[in-house]
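Engineer: The structure follows.
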Amino acid sequence: MATALLVRQLHPYSLTELGAGLPPRRDRRGRLPPPTAKEKLFLARLCQAAEIEFVGVNCGLLDQLSCLFGKAYHVMNIDCRYQTVDHAPMIGEAVIVCDSGIRRELVSGEYNTLREHCELAARALGAKSLRSVELSYLKANRGNLNPREYDCAYHVVGEIQRVVFAERALRDDDHHQFGQYLFQSHESSRDLLGNSCPELDLLVELARAHPACLGARLTGGGFGGATINLVAYHQAASFMQAMSEAYEKRTGRRLKPMVCQIVDGAG
């Protein structure tokens with residue numbers, strides 16, 4: 001996404017459903033107009049295709065849409081089927097990222113394998129995607145799937161429900177309940193999808209034990225990387241110190257938690 005936006009600044013272009021359109025014109029100060037919402041969507045699809053074709057990761061649109069459609073102090077509810085984005089306020093807690101120190105290698109194959117399990121499960125259930133599958137239907141047709149396909153499908157179907165419930169919790173200003181969905185999401189990734197690792201599980205375990213933490217889960221594709229933690233703002237410093245000390249004591253790895261701010265999207 002950064003490369004695509006940088007190229008746009010150096011060599012202006014616009015995108016349509018059919019491909020490239022007329023390039024935008026700069027104003028008197030040399031500034032380009034920001035991409036429209038539709039053009040942002042086309043740009044996200046283009047960058048998704050680049051990641052799949054040239055990087056080899058069979059990714060969705062989540063990261064690309066997040067980069068472009070962010071809104072300060074709000075979380076995004078991204079509907080990947082209809083490619084729409086809604087926002088819900090997230091004010092009052094600190095968002096803290098803890099890097100496990102374990103490097104993610106999504107191109108090594110594990111991520112693509114998980115997507116393949118999910119696609120095979122949907123096919124076995126007669127669905128275009130797992131988005132169309134209800135949990136009761138999945139359970140009733142468990143015999144049509146092998147154990148790995150079933151676990152992956154159960155995670156995805158459950159995660160879709162958690163997103164719906166989590167958005168409702170945010171709109172009701174119930175951040176404690178929202179945090180519980182974060183914990184549940186990590187547990188499902190760990191036990192069903194299998195994209196966690198011992199270090200990520202430890203970070204979530206340590207976070208859960210701290211009274212300031214409302215919720216925590218792995219972030220990104222998993223297999224290493226970081227956790228995201230929702231923490232009472234006035235106890236953020238205490239949380240970060242406790243996490244650093246406990247993680248180094250348990251693993252020998254140094255941890256430098258980062259307080260993050262939700263900002264407007266790029267472009």
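In the structure tokens, each chain is lettered A, B, ... as it comes, each chain's residues begin at 1, and ligands are numbered from 1 in order of appearance.
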Taking only residues of segment 125-175 of chain A that have an atom at most 9 Å from an atom of segment 77-95 of chain A, what is each one's shortest atom pair and its distance in Å to one decimal, using only C-alpha atoms, in chain and number order, as a tab-separated table?

Structural biologist:
```
residue	atom	partner	partner_atom	distance
A:Arg131	CA	A:Arg81	CA	8.1
A:Val163	CA	A:Asn77	CA	7.8
A:Val164	CA	A:Asn77	CA	8.7
A:Glu167	CA	A:Ala88	CA	7.3
A:Leu170	CA	A:Ala88	CA	6.7
A:Arg171	CA	A:Ala88	CA	6.6
A:Asp173	CA	A:Pro89	CA	8.7
A:His175	CA	A:Met90	CA	8.5
```

Engineer: Residues at most 10 Å from Asp201 of chain A, counting only C-alpha atoms, excluding those fewer than 4 positions away in the same chain, as a ChimeraX atom specification?

Structural biologist: /A:100,186-187,189-190,196-197,205-207,217-218,227

Engineer: Based on the selection just made, write all heavy atoms of those residues as a compact mmCIF listing (two decimals), in the first residue's frame.

Structural biologist:
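See part11.txt below for the written result:
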```txt
# COMPACT_ATOMS: atom_id res chain seq x y z
N SER A 100 6.32 -10.45 20.21
CA SER A 100 6.84 -11.67 20.82
C SER A 100 8.32 -11.89 20.54
O SER A 100 8.98 -12.67 21.24
CB SER A 100 6.05 -12.88 20.32
OG SER A 100 6.31 -13.10 18.94
N HIS A 186 -8.50 -15.25 20.61
CA HIS A 186 -7.17 -15.86 20.70
C HIS A 186 -7.26 -17.34 21.04
O HIS A 186 -6.53 -18.16 20.47
CB HIS A 186 -6.31 -15.14 21.74
CG HIS A 186 -4.93 -15.71 21.79
ND1 HIS A 186 -3.94 -15.34 20.91
CD2 HIS A 186 -4.39 -16.69 22.57
CE1 HIS A 186 -2.85 -16.04 21.15
NE2 HIS A 186 -3.09 -16.87 22.16
N GLU A 187 -8.13 -17.67 21.97
CA GLU A 187 -8.28 -19.08 22.35
C GLU A 187 -8.68 -19.93 21.15
O GLU A 187 -8.20 -21.05 20.97
CB GLU A 187 -9.31 -19.20 23.46
CG GLU A 187 -8.87 -18.60 24.78
CD GLU A 187 -10.01 -18.39 25.76
OE1 GLU A 187 -11.16 -18.74 25.40
OE2 GLU A 187 -9.76 -17.86 26.86
N SER A 189 -8.03 -19.19 17.95
CA SER A 189 -6.86 -19.28 17.08
C SER A 189 -5.89 -20.33 17.59
O SER A 189 -5.32 -21.10 16.82
CB SER A 189 -6.15 -17.92 17.01
OG SER A 189 -6.88 -17.00 16.23
N ARG A 190 -5.69 -20.34 18.89
CA ARG A 190 -4.75 -21.29 19.50
C ARG A 190 -5.23 -22.74 19.39
O ARG A 190 -4.47 -23.63 18.98
CB ARG A 190 -4.57 -20.91 20.98
CG ARG A 190 -3.65 -21.83 21.78
CD ARG A 190 -3.83 -21.55 23.27
NE ARG A 190 -5.17 -21.93 23.72
CZ ARG A 190 -5.76 -21.45 24.82
NH1 ARG A 190 -5.14 -20.53 25.55
NH2 ARG A 190 -6.96 -21.86 25.16
N SER A 196 -1.30 -19.85 16.30
CA SER A 196 -0.60 -19.18 17.38
C SER A 196 0.76 -19.84 17.58
O SER A 196 1.20 -20.66 16.76
CB SER A 196 -1.43 -19.24 18.67
OG SER A 196 -0.83 -18.44 19.69
N CYS A 197 1.45 -19.48 18.64
CA CYS A 197 2.72 -20.11 19.01
C CYS A 197 2.88 -19.94 20.51
O CYS A 197 2.18 -19.12 21.13
CB CYS A 197 3.90 -19.50 18.24
SG CYS A 197 4.29 -17.78 18.67
N GLU A 205 -1.59 -14.89 28.07
CA GLU A 205 -1.76 -15.38 29.45
C GLU A 205 -1.31 -14.32 30.46
O GLU A 205 -2.01 -14.06 31.46
CB GLU A 205 -0.92 -16.65 29.62
CG GLU A 205 -0.86 -17.18 31.05
CD GLU A 205 0.17 -18.27 31.23
OE1 GLU A 205 0.44 -19.01 30.26
OE2 GLU A 205 0.73 -18.38 32.34
N LEU A 206 -0.17 -13.70 30.21
CA LEU A 206 0.32 -12.65 31.11
C LEU A 206 -0.59 -11.44 31.11
O LEU A 206 -0.83 -10.83 32.15
CB LEU A 206 1.74 -12.25 30.70
CG LEU A 206 2.83 -13.32 30.82
CD1 LEU A 206 4.13 -12.82 30.23
CD2 LEU A 206 3.01 -13.73 32.28
N ALA A 207 -1.10 -11.09 29.93
CA ALA A 207 -2.01 -9.94 29.84
C ALA A 207 -3.30 -10.20 30.62
O ALA A 207 -3.80 -9.33 31.33
CB ALA A 207 -2.32 -9.64 28.38
N ARG A 217 -5.26 -10.56 22.20
CA ARG A 217 -5.24 -11.64 21.22
C ARG A 217 -4.03 -11.45 20.31
O ARG A 217 -3.44 -10.37 20.26
CB ARG A 217 -6.51 -11.65 20.37
CG ARG A 217 -6.61 -10.47 19.40
CD ARG A 217 -7.90 -10.49 18.58
NE ARG A 217 -7.99 -11.62 17.70
CZ ARG A 217 -7.44 -11.69 16.48
NH1 ARG A 217 -6.73 -10.68 16.01
NH2 ARG A 217 -7.61 -12.75 15.73
N LEU A 218 -3.69 -12.52 19.59
CA LEU A 218 -2.65 -12.36 18.56
C LEU A 218 -3.19 -11.45 17.46
O LEU A 218 -4.39 -11.31 17.28
CB LEU A 218 -2.24 -13.72 17.99
CG LEU A 218 -3.27 -14.57 17.23
CD1 LEU A 218 -3.43 -14.13 15.77
CD2 LEU A 218 -2.86 -16.03 17.26
N THR A 227 0.99 -9.46 19.85
CA THR A 227 -0.37 -9.45 20.40
C THR A 227 -0.83 -8.01 20.51
O THR A 227 -0.03 -7.07 20.63
CB THR A 227 -0.43 -10.09 21.79
OG1 THR A 227 0.40 -9.36 22.70
CG2 THR A 227 0.01 -11.54 21.74
```

Engineer: Let's see if you can do this: from backbone DSSP, list all alpha helix (DSSP H) residues in segment 132-239 of chain A, as a VMD selection string.

Structural biologist: chain A and resid 135 to 140 147 to 171 175 to 188 198 to 209 236 to 239

Engineer: For Tyr154 of chain A, work out the shell of residues within 10 Å, counting only C-alpha atoms and skipping chain neighbours fewer than 3 positions away, then give it as a list in words.

Structural biologist: Cys118, Ala121, Leu130, Val133, Glu134, Leu135, Leu138, Lys139, Arg142, Arg148, Glu149, Tyr150, Asp151, Val157, Gly158, Glu159, Ser188, Leu192 and Leu193 of chain A

Engineer: Just to be explicit: take each residue in the selection above, keep N, CA, C and O atoms, and write the result as a CSV table (one decimal), in the first residue's frame.

Structural biologist:
```csv
chain,number,residue,atom,x,y,z
A,118,CYS,N,-9.8,-24.1,4.9
A,118,CYS,CA,-11.1,-23.4,5.0
A,118,CYS,C,-11.9,-23.5,3.7
A,118,CYS,O,-13.1,-23.7,3.7
A,121,ALA,N,-13.3,-27.0,3.3
A,121,ALA,CA,-14.4,-27.1,4.2
A,121,ALA,C,-15.7,-26.5,3.6
A,121,ALA,O,-16.8,-27.1,3.7
A,130,LEU,N,-17.2,-19.9,3.9
A,130,LEU,CA,-17.7,-20.2,5.2
A,130,LEU,C,-18.6,-19.0,5.8
A,130,LEU,O,-19.2,-19.2,6.8
A,133,VAL,N,-22.1,-20.1,6.2
A,133,VAL,CA,-22.4,-21.3,7.0
A,133,VAL,C,-22.8,-20.9,8.5
A,133,VAL,O,-22.0,-20.2,9.1
A,134,GLU,N,-23.9,-21.5,8.9
A,134,GLU,CA,-24.3,-21.3,10.3
A,134,GLU,C,-23.6,-22.4,11.2
A,134,GLU,O,-23.3,-23.5,10.7
A,135,LEU,N,-23.4,-22.0,12.4
A,135,LEU,CA,-22.7,-23.0,13.3
A,135,LEU,C,-23.4,-24.3,13.5
A,135,LEU,O,-22.8,-25.4,13.5
A,138,LEU,N,-22.8,-26.4,10.4
A,138,LEU,CA,-21.5,-27.0,10.5
A,138,LEU,C,-21.4,-28.2,11.4
A,138,LEU,O,-20.9,-29.2,11.0
A,139,LYS,N,-22.0,-28.1,12.6
A,139,LYS,CA,-22.0,-29.2,13.5
A,139,LYS,C,-22.8,-30.4,12.9
A,139,LYS,O,-22.4,-31.5,13.1
A,142,ARG,N,-20.6,-32.3,10.3
A,142,ARG,CA,-19.3,-32.5,10.7
A,142,ARG,C,-18.7,-33.8,10.0
A,142,ARG,O,-17.5,-33.8,9.6
A,148,ARG,N,-9.2,-31.6,10.6
A,148,ARG,CA,-8.5,-30.3,10.5
A,148,ARG,C,-9.4,-29.3,9.8
A,148,ARG,O,-9.4,-28.2,10.1
A,149,GLU,N,-10.1,-29.8,8.8
A,149,GLU,CA,-11.0,-28.9,8.1
A,149,GLU,C,-12.1,-28.4,9.0
A,149,GLU,O,-12.5,-27.2,9.0
A,150,TYR,N,-12.6,-29.3,9.9
A,150,TYR,CA,-13.7,-28.9,10.8
A,150,TYR,C,-13.2,-27.9,11.8
A,150,TYR,O,-13.9,-26.9,12.1
A,151,ASP,N,-12.0,-28.1,12.4
A,151,ASP,CA,-11.5,-27.1,13.3
A,151,ASP,C,-11.3,-25.8,12.7
A,151,ASP,O,-11.7,-24.7,13.3
A,157,VAL,N,-16.3,-19.7,11.4
A,157,VAL,CA,-17.7,-19.4,11.7
A,157,VAL,C,-17.8,-18.7,13.0
A,157,VAL,O,-18.6,-17.8,13.2
A,158,GLY,N,-17.1,-19.2,14.0
A,158,GLY,CA,-17.2,-18.6,15.4
A,158,GLY,C,-16.6,-17.2,15.4
A,158,GLY,O,-17.2,-16.3,16.0
A,159,GLU,N,-15.6,-17.0,14.6
A,159,GLU,CA,-15.0,-15.6,14.6
A,159,GLU,C,-15.9,-14.6,13.9
A,159,GLU,O,-16.0,-13.5,14.4
A,188,SER,N,-9.5,-19.4,20.3
A,188,SER,CA,-10.0,-20.1,19.1
A,188,SER,C,-8.8,-20.3,18.1
A,188,SER,O,-8.6,-21.3,17.5
A,192,LEU,N,-8.1,-24.1,17.7
A,192,LEU,CA,-8.8,-24.6,16.5
A,192,LEU,C,-8.0,-24.3,15.2
A,192,LEU,O,-7.7,-25.2,14.5
A,193,LEU,N,-7.8,-23.0,15.0
A,193,LEU,CA,-7.1,-22.6,13.7
A,193,LEU,C,-5.6,-23.1,13.8
A,193,LEU,O,-5.1,-23.4,12.7
```

Engineer: Point out the residue among A:Pro257, A:Pro24, A:Gly101, A:Gly70 with the least atom-to-atom distance to Glu39 of chain A, counting only C-alpha atoms.

Structural biologist: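 Of A:Pro257, A:Pro24, A:Gly101, A:Gly70, the one nearest Glu39 of chain A is A:Pro24, counting only C-alpha atoms.
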
Engineer: Report the residues of segment 93-253 of chain A whose backbone DSSP state falls under strand (DSSP E), written as a ChimeraX atom specification.

Structural biologist: /A:93-99,213-218,226-232

Engineer: With only C-alpha atoms as the atoms that count, which of A:Leu5, A:Phe183, A:Ser132, A:Gly126 lies nearest to Asn144 of chain A?

Structural biologist: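 Looking only at the distances to Asn144 of chain A, the closest residue turns out to be A:Gly126.
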
Engineer: Which residues are close to Tyr111 of chain A, i.e. within 12 Å by only C-alpha atoms, leaving aside same-chain residues fewer than 3 positions away? Reply as a count of residues only.

Structural biologist: 26

Engineer: Please determine, counting only C-alpha atoms, which residue among A:Pro147, A:Asp27, A:Leu32, A:Leu61 has the shortest atom-to-atom distance to Leu6 of chain A.

Structural biologist: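 Counting only C-alpha atoms, the residue closest to Leu6 of chain A is A:Leu32.
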
Engineer: A:Leu46, A:Ala153, A:Ala226, A:Ala2: which is nearest Ser14 of chain A, counting only C-alpha atoms?

Structural biologist: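 Checking each of A:Leu46, A:Ala153, A:Ala226, A:Ala2 against Ser14 of chain A, counting only C-alpha atoms, the winner is A:Leu46.
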
Engineer: For segment 236-242 of chain A, list every protein, DNA or RNA residue within 7 Å, evaluated using only C-alpha atoms, and leave out those in the same chain fewer than 4 positions away; present the list as a PyMOL selection string.

Structural biologist: chain A and resi 94+210+212+231-232+246+257

Engineer: Report, in Å to a single decimal, how far apart atom CA of Tyr73 of chain A and atom CA of Ala169 of chain A are.

Structural biologist: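 Taking atom CA of Ala169 of chain A and atom CA of Tyr73 of chain A, their separation equals 16.1 Å.
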
Engineer: Can you work out the spacing between atom CA of Leu62 of chain A and atom CA of Cys213 of chain A in Å, to one decimal?

Structural biologist: 25.3 Å

Engineer: Determine, counting only C-alpha atoms, which protein, DNA and RNA residues have an atom within 12 Å of an atom of Val263 of chain A; residues of the same chain fewer than 2 positions away are not included. Present the result as a count of residues only.

Structural biologist: 18
